[in-house]
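Colleague: File follows, structure_17.pdb with PDB, C-alpha atoms:
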```
MODEL        1
ATOM      1  CA  LEU A   1       8.373  21.296  -0.094
ATOM      2  CA  ALA A   2       9.726  19.261   2.811
ATOM      3  CA  GLN A   3       6.239  19.148   4.281
ATOM      4  CA  VAL A   4       4.776  18.348   0.875
ATOM      5  CA  ALA A   5       7.202  15.459   0.521
ATOM      6  CA  SER A   6       6.087  14.057   3.861
ATOM      7  CA  ILE A   7       2.410  14.619   3.103
ATOM      8  CA  LYS A   8       2.496  12.816  -0.215
ATOM      9  CA  THR A   9       3.742   9.654   1.477
ATOM     10  CA  HIS A  10       0.284   9.244   3.002
ATOM     11  CA  SER A  11      -0.988   8.008  -0.370
ATOM     12  CA  ASP A  12       0.332   5.165  -2.453
ATOM     13  CA  PHE A  13      -1.563   6.651  -5.381
ATOM     14  CA  SER A  14       0.075  10.044  -5.047
ATOM     15  CA  LEU A  15       3.487   8.375  -4.813
ATOM     16  CA  ARG A  16       2.824   6.435  -8.001
ATOM     17  CA  SER A  17       1.549   9.530  -9.758
ATOM     18  CA  TRP A  18       4.562  11.511  -8.522
ATOM     19  CA  SER A  19       6.891   8.809  -9.794
ATOM     20  CA  LEU A  20       5.257   8.860 -13.215
ATOM     21  CA  SER A  21       5.460  12.632 -13.414
ATOM     22  CA  LYS A  22       9.108  12.440 -12.411
ATOM     23  CA  GLN A  23       9.720   9.996 -15.248
ATOM     24  CA  LEU A  24       8.143  12.460 -17.649
ATOM     25  CA  ALA A  25      10.323  15.278 -16.359
ATOM     26  CA  MET A  26      13.451  13.166 -16.794
ATOM     27  CA  ALA A  27      12.326  12.176 -20.258
ATOM     28  CA  LYS A  28      11.875  15.829 -21.186
ATOM     29  CA  LEU A  29      15.274  16.649 -19.798
ATOM     30  CA  GLY A  30      16.832  13.862 -21.825
ATOM     31  CA  GLU A  31      15.151  15.046 -25.016
ATOM     32  CA  GLU A  32      16.308  18.622 -24.520
ATOM     33  CA  LYS A  33      19.896  17.587 -23.919
ATOM     34  CA  VAL A  34      20.220  15.832 -27.282
ATOM     35  CA  SER A  35      20.277  17.829 -30.511
ATOM     36  CA  GLN A  36      19.026  16.646 -33.883
ATOM     37  CA  ASP A  37      22.423  15.272 -34.908
ATOM     38  CA  GLY A  38      22.653  13.239 -31.685
ATOM     39  CA  ALA A  39      25.263  15.452 -30.035
ATOM     40  CA  PRO A  40      24.780  16.344 -26.349
ATOM     41  CA  LYS A  41      22.960  19.617 -25.920
ATOM     42  CA  PRO A  42      23.898  21.700 -22.863
ATOM     43  CA  PRO A  43      21.038  22.913 -20.654
ATOM     44  CA  THR A  44      19.973  26.496 -21.008
ATOM     45  CA  VAL A  45      20.446  29.120 -18.328
ATOM     46  CA  LEU A  46      16.713  29.030 -17.530
ATOM     47  CA  GLU A  47      16.879  25.248 -17.037
ATOM     48  CA  LEU A  48      19.831  25.595 -14.692
ATOM     49  CA  LEU A  49      17.937  28.216 -12.690
ATOM     50  CA  GLY A  50      14.827  26.058 -12.579
ATOM     51  CA  ILE A  51      12.506  28.620 -14.173
ATOM     52  CA  ALA A  52      12.200  27.250 -17.713
ATOM     53  CA  GLY A  53       8.502  27.204 -18.542
ATOM     54  CA  ASP A  54       6.853  24.076 -19.956
ATOM     55  CA  PHE A  55       3.112  23.853 -20.450
ATOM     56  CA  SER A  56       3.080  20.887 -22.827
ATOM     57  CA  HIS A  57       0.940  18.985 -20.322
ATOM     58  CA  LEU A  58      -2.010  21.343 -20.858
ATOM     59  CA  THR A  59      -3.561  19.548 -23.834
ATOM     60  CA  ARG A  60      -7.100  18.505 -24.715
ATOM     61  CA  SER A  61      -6.139  15.056 -25.948
ATOM     62  CA  ASP A  62      -4.261  14.013 -22.793
ATOM     63  CA  PRO A  63      -4.421  16.621 -20.005
ATOM     64  CA  PHE A  64      -1.468  16.428 -17.628
ATOM     65  CA  HIS A  65      -0.029  13.503 -19.680
ATOM     66  CA  VAL A  66      -1.981  11.012 -17.582
ATOM     67  CA  ARG A  67      -2.284   8.350 -20.272
ATOM     68  CA  LYS A  68       1.225   9.003 -21.572
ATOM     69  CA  LEU A  69       2.579   8.199 -18.133
ATOM     70  CA  GLY A  70       0.646   4.934 -17.992
ATOM     71  CA  SER A  71      -1.886   6.087 -15.403
ATOM     72  CA  THR A  72      -5.639   6.596 -15.561
ATOM     73  CA  TYR A  73      -7.894   9.477 -14.575
ATOM     74  CA  ARG A  74      -9.679   7.180 -12.137
ATOM     75  CA  THR A  75      -6.394   6.482 -10.366
ATOM     76  CA  GLU A  76      -5.458  10.173 -10.258
ATOM     77  CA  ILE A  77      -8.858  11.221  -8.887
ATOM     78  CA  ARG A  78      -8.696   8.508  -6.238
ATOM     79  CA  ALA A  79      -5.164   9.596  -5.351
ATOM     80  CA  GLY A  80      -6.255  13.215  -5.025
ATOM     81  CA  ILE A  81      -9.174  12.362  -2.744
ATOM     82  CA  THR A  82      -6.991  10.118  -0.585
ATOM     83  CA  THR A  83      -4.246  12.709  -0.229
ATOM     84  CA  PHE A  84      -6.781  15.445   0.540
ATOM     85  CA  LEU A  85      -8.293  13.399   3.352
ATOM     86  CA  ALA A  86      -4.818  12.590   4.675
ATOM     87  CA  MET A  87      -3.769  16.253   4.791
ATOM     88  CA  ALA A  88      -7.115  17.806   5.755
ATOM     89  CA  TYR A  89      -5.898  17.877   9.360
ATOM     90  CA  ILE A  90      -4.204  21.177   8.468
ATOM     91  CA  LEU A  91      -7.600  22.928   8.492
ATOM     92  CA  PRO A  92      -8.322  22.534  12.229
ATOM     93  CA  VAL A  93      -4.679  22.358  13.348
ATOM     94  CA  ASN A  94      -3.445  25.473  11.522
ATOM     95  CA  SER A  95      -6.511  27.539  12.340
ATOM     96  CA  GLY A  96      -6.472  26.342  15.949
ATOM     97  CA  MET A  97      -2.822  27.248  16.422
ATOM     98  CA  LEU A  98      -3.167  30.659  14.765
ATOM     99  CA  SER A  99      -6.355  31.417  16.708
ATOM    100  CA  ILE A 100      -4.244  31.438  19.880
ATOM    101  CA  ALA A 101      -2.464  34.510  18.517
ATOM    102  CA  ILE A 102      -5.455  35.817  16.525
ATOM    103  CA  PRO A 103      -8.476  35.319  18.807
ATOM    104  CA  GLY A 104     -12.056  35.544  17.650
ATOM    105  CA  LEU A 105     -11.382  34.714  13.986
ATOM    106  CA  LYS A 106     -11.383  30.902  13.982
ATOM    107  CA  GLU A 107     -13.822  30.500  11.068
ATOM    108  CA  GLU A 108     -11.988  33.087   8.980
ATOM    109  CA  LEU A 109      -8.690  31.295   9.658
ATOM    110  CA  VAL A 110     -10.195  27.986   8.519
ATOM    111  CA  CYS A 111     -11.404  29.639   5.306
ATOM    112  CA  ALA A 112      -8.024  31.312   4.716
ATOM    113  CA  THR A 113      -6.220  28.000   5.241
ATOM    114  CA  ALA A 114      -8.500  26.237   2.753
ATOM    115  CA  LEU A 115      -8.211  29.010   0.151
ATOM    116  CA  SER A 116      -4.412  29.144   0.341
ATOM    117  CA  ALA A 117      -4.179  25.364  -0.024
ATOM    118  CA  CYS A 118      -6.602  25.414  -2.956
ATOM    119  CA  VAL A 119      -4.678  28.103  -4.848
ATOM    120  CA  GLY A 120      -1.347  26.439  -4.128
ATOM    121  CA  CYS A 121      -2.487  23.022  -5.331
ATOM    122  CA  ILE A 122      -3.983  24.435  -8.538
ATOM    123  CA  LEU A 123      -0.834  26.396  -9.351
ATOM    124  CA  MET A 124       1.371  23.376  -8.620
ATOM    125  CA  GLY A 125      -0.592  21.197 -11.040
ATOM    126  CA  VAL A 126      -0.998  23.778 -13.799
ATOM    127  CA  LEU A 127       2.504  25.260 -13.717
ATOM    128  CA  SER A 128       4.617  22.175 -12.988
ATOM    129  CA  ASN A 129       2.448  19.083 -13.618
ATOM    130  CA  TYR A 130       3.623  17.594 -10.327
ATOM    131  CA  PRO A 131       0.977  15.997  -8.038
ATOM    132  CA  PHE A 132       2.191  17.738  -4.899
ATOM    133  CA  MET A 133      -0.422  18.896  -2.424
ATOM    134  CA  LEU A 134       0.452  22.309  -1.003
ATOM    135  CA  ALA A 135      -0.851  23.707   2.281
ATOM    136  CA  PRO A 136       0.334  26.051   5.053
ATOM    137  CA  GLY A 137       3.413  24.477   6.630
ATOM    138  CA  MET A 138       3.553  23.131  10.150
ATOM    139  CA  GLY A 139       6.365  24.647  12.147
ATOM    140  CA  THR A 140       6.124  28.115  10.688
ATOM    141  CA  ASN A 141       2.663  28.577  12.199
ATOM    142  CA  ALA A 142       4.034  27.509  15.600
ATOM    143  CA  PHE A 143       6.910  29.965  15.198
ATOM    144  CA  PHE A 144       4.441  32.713  14.244
ATOM    145  CA  THR A 145       2.197  32.022  17.250
ATOM    146  CA  PHE A 146       4.525  31.139  20.100
ATOM    147  CA  SER A 147       7.798  32.845  19.164
ATOM    148  CA  VAL A 148       6.786  36.006  17.315
ATOM    149  CA  VAL A 149       3.373  36.993  18.701
ATOM    150  CA  LEU A 150       3.291  35.466  22.193
ATOM    151  CA  GLY A 151       7.035  35.281  22.779
ATOM    152  CA  ARG A 152       8.129  38.699  21.514
ATOM    153  CA  GLY A 153       4.817  40.467  22.071
ATOM    154  CA  LEU A 154       4.493  41.615  18.457
ATOM    155  CA  PRO A 155       0.902  42.437  17.425
ATOM    156  CA  TRP A 156      -0.491  39.795  15.103
ATOM    157  CA  GLN A 157      -1.203  42.435  12.454
ATOM    158  CA  ALA A 158       2.490  43.384  12.349
ATOM    159  CA  ALA A 159       3.476  39.708  12.355
ATOM    160  CA  LEU A 160       1.249  39.052   9.335
ATOM    161  CA  ALA A 161       2.863  42.015   7.590
ATOM    162  CA  ALA A 162       6.256  40.388   8.190
ATOM    163  CA  VAL A 163       4.891  37.146   6.712
ATOM    164  CA  PHE A 164       3.761  39.088   3.631
ATOM    165  CA  VAL A 165       7.228  40.582   3.182
ATOM    166  CA  ALA A 166       8.844  37.161   3.600
ATOM    167  CA  ALA A 167       6.475  35.685   1.003
ATOM    168  CA  ASN A 168       7.490  38.333  -1.520
ATOM    169  CA  ILE A 169      11.160  37.556  -0.869
ATOM    170  CA  PHE A 170      10.483  33.886  -1.574
ATOM    171  CA  VAL A 171       8.705  34.810  -4.811
ATOM    172  CA  LEU A 172      11.684  36.958  -5.822
ATOM    173  CA  LEU A 173      14.089  34.121  -5.082
ATOM    174  CA  SER A 174      11.957  31.749  -7.173
ATOM    175  CA  VAL A 175      11.488  33.914 -10.276
ATOM    176  CA  THR A 176      15.188  34.814 -10.359
ATOM    177  CA  GLY A 177      16.293  31.198  -9.969
ATOM    178  CA  LEU A 178      18.221  31.868  -6.773
ATOM    179  CA  ARG A 179      16.013  29.465  -4.853
ATOM    180  CA  THR A 180      17.082  26.550  -7.065
ATOM    181  CA  LEU A 181      20.732  27.473  -6.684
ATOM    182  CA  MET A 182      20.354  27.710  -2.901
ATOM    183  CA  VAL A 183      18.663  24.297  -2.710
ATOM    184  CA  ARG A 184      21.457  22.728  -4.737
ATOM    185  CA  LEU A 185      23.997  23.995  -2.207
ATOM    186  CA  PHE A 186      22.463  21.854   0.551
ATOM    187  CA  PRO A 187      24.001  18.376   0.891
ATOM    188  CA  ALA A 188      21.664  15.479   0.100
ATOM    189  CA  GLY A 189      21.836  14.275   3.709
ATOM    190  CA  ILE A 190      20.517  17.572   5.049
ATOM    191  CA  LYS A 191      17.657  17.618   2.550
ATOM    192  CA  ASP A 192      16.692  14.056   3.500
ATOM    193  CA  SER A 193      16.897  14.829   7.214
ATOM    194  CA  ILE A 194      14.608  17.855   6.803
ATOM    195  CA  GLY A 195      11.886  15.648   5.322
ATOM    196  CA  ALA A 196      12.350  13.064   8.086
ATOM    197  CA  GLY A 197      12.303  15.757  10.770
ATOM    198  CA  VAL A 198       9.102  17.320   9.492
ATOM    199  CA  GLY A 199       7.548  13.856   9.261
ATOM    200  CA  LEU A 200       8.391  13.146  12.911
ATOM    201  CA  PHE A 201       7.009  16.548  13.881
ATOM    202  CA  LEU A 202       3.708  15.778  12.127
ATOM    203  CA  ALA A 203       3.563  12.343  13.784
ATOM    204  CA  PHE A 204       4.096  13.954  17.187
ATOM    205  CA  ILE A 205       1.259  16.400  16.488
ATOM    206  CA  ALA A 206      -0.984  13.485  15.475
ATOM    207  CA  PHE A 207      -0.314  11.780  18.820
ATOM    208  CA  GLN A 208      -1.451  14.821  20.801
ATOM    209  CA  SER A 209      -4.990  15.569  21.911
ATOM    210  CA  ALA A 210      -5.485  18.797  19.965
ATOM    211  CA  GLU A 211      -7.350  17.461  16.916
ATOM    212  CA  GLY A 212      -5.184  14.330  17.052
ATOM    213  CA  MET A 213      -5.275  10.769  18.421
ATOM    214  CA  GLY A 214      -4.812  11.844  22.033
ATOM    215  CA  ILE A 215      -2.224   9.159  22.786
ATOM    216  CA  SER A 216       0.212  11.589  24.386
ATOM    217  CA  ILE A 217      -0.479  14.223  27.034
ATOM    218  CA  ALA A 218       1.625  16.878  28.739
ATOM    219  CA  ASN A 219       3.524  15.894  31.860
ATOM    220  CA  PRO A 220       5.396  18.384  34.069
ATOM    221  CA  ALA A 221       8.115  15.841  34.930
ATOM    222  CA  THR A 222       8.753  14.104  31.602
ATOM    223  CA  LEU A 223       7.120  16.703  29.280
ATOM    224  CA  VAL A 224       5.237  13.911  27.462
ATOM    225  CA  ALA A 225       3.306  10.973  28.930
ATOM    226  CA  LEU A 226       0.932   8.267  27.711
ATOM    227  CA  ASN A 227      -2.759   9.044  28.042
ATOM    228  CA  PRO A 228      -4.545   6.481  30.277
ATOM    229  CA  LEU A 229      -6.248   3.734  28.275
ATOM    230  CA  GLY A 230      -8.271   2.052  31.020
ATOM    231  CA  ALA A 231     -11.914   1.115  30.580
ATOM    232  CA  ASP A 232     -12.966   3.731  33.125
ATOM    233  CA  GLU A 233     -11.333   6.556  31.140
ATOM    234  CA  TYR A 234     -13.731   8.505  28.919
ATOM    235  CA  ASP A 235     -11.063   9.411  26.341
ATOM    236  CA  ALA A 236      -9.899   5.797  25.993
ATOM    237  CA  ALA A 237     -12.608   4.932  23.425
ATOM    238  CA  LYS A 238     -11.409   7.643  21.030
ATOM    239  CA  ILE A 239      -7.781   6.565  21.427
ATOM    240  CA  TRP A 240      -8.559   2.886  20.843
ATOM    241  CA  LEU A 241     -10.576   3.756  17.728
ATOM    242  CA  SER A 242      -7.646   5.782  16.404
ATOM    243  CA  LEU A 243      -5.278   2.871  17.024
ATOM    244  CA  VAL A 244      -7.649   0.448  15.273
ATOM    245  CA  VAL A 245      -7.849   2.764  12.261
ATOM    246  CA  LEU A 246      -4.045   3.021  12.225
ATOM    247  CA  MET A 247      -3.639  -0.771  12.347
ATOM    248  CA  VAL A 248      -6.270  -1.334   9.658
ATOM    249  CA  THR A 249      -4.567   1.202   7.389
ATOM    250  CA  ALA A 250      -1.123  -0.337   8.037
ATOM    251  CA  ALA A 251      -2.446  -3.838   7.309
ATOM    252  CA  LEU A 252      -3.997  -2.685   4.047
ATOM    253  CA  PHE A 253      -0.713  -1.006   3.116
ATOM    254  CA  ALA A 254       1.125  -4.270   3.772
ATOM    255  CA  MET A 255      -1.396  -6.095   1.571
ATOM    256  CA  LYS A 256      -0.777  -3.475  -1.142
ATOM    257  CA  MET A 257      -4.473  -2.661  -1.156
ATOM    258  CA  PRO A 258      -5.245   0.283  -3.475
ATOM    259  CA  GLY A 259      -6.570   3.237  -1.510
ATOM    260  CA  ALA A 260      -5.460   1.961   1.909
ATOM    261  CA  PRO A 261      -5.419   5.428   3.567
ATOM    262  CA  LEU A 262      -8.831   6.282   2.126
ATOM    263  CA  ILE A 263     -10.323   3.009   3.360
ATOM    264  CA  GLY A 264      -8.919   3.570   6.847
ATOM    265  CA  ILE A 265     -10.274   7.118   7.004
ATOM    266  CA  ILE A 266     -13.726   6.015   5.802
ATOM    267  CA  PHE A 267     -13.768   3.149   8.319
ATOM    268  CA  GLY A 268     -12.962   5.363  11.313
ATOM    269  CA  THR A 269     -15.356   8.101  10.192
ATOM    270  CA  ALA A 270     -18.198   5.618   9.665
ATOM    271  CA  VAL A 271     -17.747   4.110  13.147
ATOM    272  CA  CYS A 272     -17.716   7.555  14.779
ATOM    273  CA  TRP A 273     -20.720   8.813  12.827
ATOM    274  CA  ILE A 274     -22.821   5.691  13.367
ATOM    275  CA  GLU A 275     -22.102   5.614  17.099
ATOM    276  CA  GLY A 276     -22.867   9.317  17.450
ATOM    277  CA  ALA A 277     -26.088   9.101  15.453
ATOM    278  CA  ALA A 278     -27.277   6.010  17.364
ATOM    279  CA  ARG A 279     -26.493   7.166  20.905
ATOM    280  CA  GLY A 280     -26.703  10.941  20.510
ATOM    281  CA  GLU A 281     -24.604  13.565  22.226
ATOM    282  CA  ALA A 282     -25.865  12.516  25.655
ATOM    283  CA  GLY A 283     -24.640   8.916  25.351
ATOM    284  CA  SER A 284     -21.754   9.039  22.872
ATOM    285  CA  VAL A 285     -18.312   7.916  24.021
ATOM    286  CA  PHE A 286     -16.646   9.850  21.223
ATOM    287  CA  GLY A 287     -17.223  13.318  22.646
ATOM    288  CA  TYR A 288     -14.590  16.010  22.159
ATOM    289  CA  PRO A 289     -12.474  17.823  23.268
ATOM    290  CA  PHE A 290     -10.049  15.508  25.045
ATOM    291  CA  GLY A 291     -10.081  15.972  28.786
ATOM    292  CA  SER A 292     -13.782  16.811  28.975
ATOM    293  CA  LYS A 293     -14.446  13.424  30.666
ATOM    294  CA  GLY A 294     -17.894  13.330  29.117
ATOM    295  CA  ASP A 295     -19.026  16.559  30.761
ATOM    296  CA  ARG A 296     -21.494  18.045  28.262
ATOM    297  CA  SER A 297     -21.300  21.440  29.967
ATOM    298  CA  VAL A 298     -17.647  21.909  29.003
ATOM    299  CA  PHE A 299     -17.209  24.722  26.483
ATOM    300  CA  GLY A 300     -16.831  23.344  22.959
ATOM    301  CA  PHE A 301     -18.094  19.852  23.771
ATOM    302  CA  HIS A 302     -19.313  18.125  20.603
ATOM    303  CA  ILE A 303     -19.548  14.846  18.765
ATOM    304  CA  TYR A 304     -18.818  14.357  15.094
ATOM    305  CA  VAL A 305     -22.152  13.698  13.405
ATOM    306  CA  PRO A 306     -22.825  15.317  10.004
ATOM    307  CA  GLN A 307     -25.495  18.006  10.095
ATOM    308  CA  GLY A 308     -25.567  18.552   6.328
ATOM    309  CA  VAL A 309     -23.711  18.047   3.072
ATOM    310  CA  VAL A 310     -22.547  21.563   2.202
ATOM    311  CA  ALA A 311     -22.157  24.702   4.293
ATOM    312  CA  ALA A 312     -21.073  28.190   3.238
ATOM    313  CA  PRO A 313     -17.946  29.405   5.061
ATOM    314  CA  SER A 314     -17.920  32.660   6.949
ATOM    315  CA  ILE A 315     -15.456  35.175   5.493
ATOM    316  CA  ALA A 316     -17.006  38.324   6.947
TER
ENDMDL
END
```
Output the file's structure in the form of structure tokens.
Modeller:
Amino acid sequence: LAQVASIKTHSDFSLRSWSLSKQLAMAKLGEEKVSQDGAPKPPTVLELLGIAGDFSHLTRSDPFHVRKLGSTYRTEIRAGITTFLAMAYILPVNSGMLSIAIPGLKEELVCATALSACVGCILMGVLSNYPFMLAPGMGTNAFFTFSVVLGRGLPWQAALAAVFVAANIFVLLSVTGLRTLMVRLFPAGIKDSIGAGVGLFLAFIAFQSAEGMGISIANPATLVALNPLGADEYDAAKIWLSLVVLMVTAALFAMKMPGAPLIGIIFGTAVCWIEGAARGEAGSVFGYPFGSKGDRSVFGFHIYVPQGVVAAPSIA
């Protein structure tokens, strides 16, 4: 949930929706704590454990209590699209990192990442009525790849079996309520610092060249260095476009423009697509990967120009 908390901050709509859902949860809690004669009603054991079921939001008249919370379905749909686009980086980043330990299955890893995020998001909305986007967490995939598989030499099949066992332990902790009790034992400062730490980790990933902005590069002396931004550098155009998109999004945020992240994403995508379609792969300055220096013979060289609207994933 620490990653989810950092992800949801990408969207002002998702924050507003989260706030409204939180108000509903507090209202429910207040109603349950007061009996008919007005006397305080103590919470039940299931409420204390965090496993008390409540599906009152699944109604035909007002699904998910959208109108009751003062929101609109248009706002919620826009918030969902914005948050999806803001967190869609997990598809290439997670699959790319895991493909280092699991070679030859990049497309299957992309599909598995998308399916797990889809199931998690649906369950979060249906079971809890909270607009939290769920996806595979950053940090754990790095630990799986570099510490477990590459560092300790464990076969990736055995490592995935360990992940399966750990997932079942988490499910057991959740259904028994022990997870809620464990979370309540952490001081508020530690819980806040976890969210901030994960946010900084995601920002650092975004600055790197692997599916990111390419601002930072590896340096043997200082570990991290600034990527050259001179006019004679091929990668500079991509970095400057990323910075422009970031500034446009930040300016729209400051102006309290609805859908600021979505507008920024659409702006950057449109510029990249138009330039690629107009100049083609031979003349585009937005060629990937970083470090190719425009050499079209480099393995994996490509530009981002849509080839279609829908494509079937490979899960063979």
Colleague: Find, counting only C-alpha atoms, the residue in A:Gly177, A:Gly230, A:Gly280, A:Pro220 that gets nearest to Ala52 (chain A).
Modeller: A:Gly177
Colleague: Just to confirm, what's the straight-line distance from CA of Leu154 (chain A) to CA of Gly104 (chain A) in Å (one decimal)?
Modeller: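 Atom-to-atom, CA of Leu154 (chain A) and CA of Gly104 (chain A) are spaced 17.6 Å apart.
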Colleague: Step by step, work through what the PyMOL selection byres ((chain A and resi 81-98) around 6) selects in the shown file, and finish by giving those residues as a list of chain:residue names.
Modeller: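 Applied to this file, the PyMOL selection byres ((chain A and resi 81-98) around 6) selects A:Ser11, A:Arg78, A:Ala79, A:Gly80, A:Ser99, A:Ile100, A:Ala101, A:Ile102, A:Leu109, A:Val110, A:Leu262.
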Colleague: Convert the output of the PyMOL selection byres ((chain A and resi 240) around 12) on the shown file into explicit residues, formatted as number ranges by chain.
Modeller: A: 213-215, 227-231, 233-239, 241-247, 268, 272, 285-286
Colleague: Could you jot down the CA of Phe64 (chain A) to CA of Gly120 (chain A) separation for me, Å, one decimal place?
Modeller: 16.8 Å
Colleague: Just the number, please: distance in Å from CA of Ala159 (chain A) to CA of Thr145 (chain A), one decimal.
Modeller: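 CA of Ala159 (chain A) sits 9.2 Å away from CA of Thr145 (chain A).
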Colleague: For Lys293 (chain A), which residue among A:Ala112, A:Ser147, A:Asp232, A:Asp54 is the nearest when counting only C-alpha atoms?
Modeller: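 Looking at the shortest contact to Lys293 (chain A), the residue is A:Asp232.
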Colleague: From the options A:Val248, A:Ala270, A:Ser128, A:Val45, which residue's atoms come nearest to Leu181 (chain A), counting all atoms listed in the file?
Modeller: A:Val45
Colleague: Smallest atom-to-atom distance to Gly199 (chain A): which of A:Ala162, A:Met138, A:Ile122, A:Val309, using only C-alpha atoms?
Modeller: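 Once distances to Gly199 (chain A) are computed over only C-alpha atoms, the minimum belongs to A:Met138.
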Colleague: May I have the centre and edge lengths, in Å to one decimal, of an axis-aligned box around the listed atoms of region 51-70 of chain A with 8 Å added to every side, as JSON?
Modeller:
```
{"center_x": 2.7, "center_y": 16.8, "center_z": -20.1, "size_x": 35.6, "size_y": 39.7, "size_z": 27.8}
```
Colleague: Using all atoms listed in the file, which protein or nucleic acid residues come within 7 Å of Ala260 (chain A)? Drop anything in the same chain fewer than 5 positions from it, and give the result as a ChimeraX atom specification.
Modeller: /A:249,252-253
Colleague: Could you check which of A:Phe55, A:Glu281, A:Leu200, A:Gly137 is closest to Met124 (chain A), using only C-alpha atoms?
Modeller: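 Counting only C-alpha atoms, the residue closest to Met124 (chain A) is A:Phe55.
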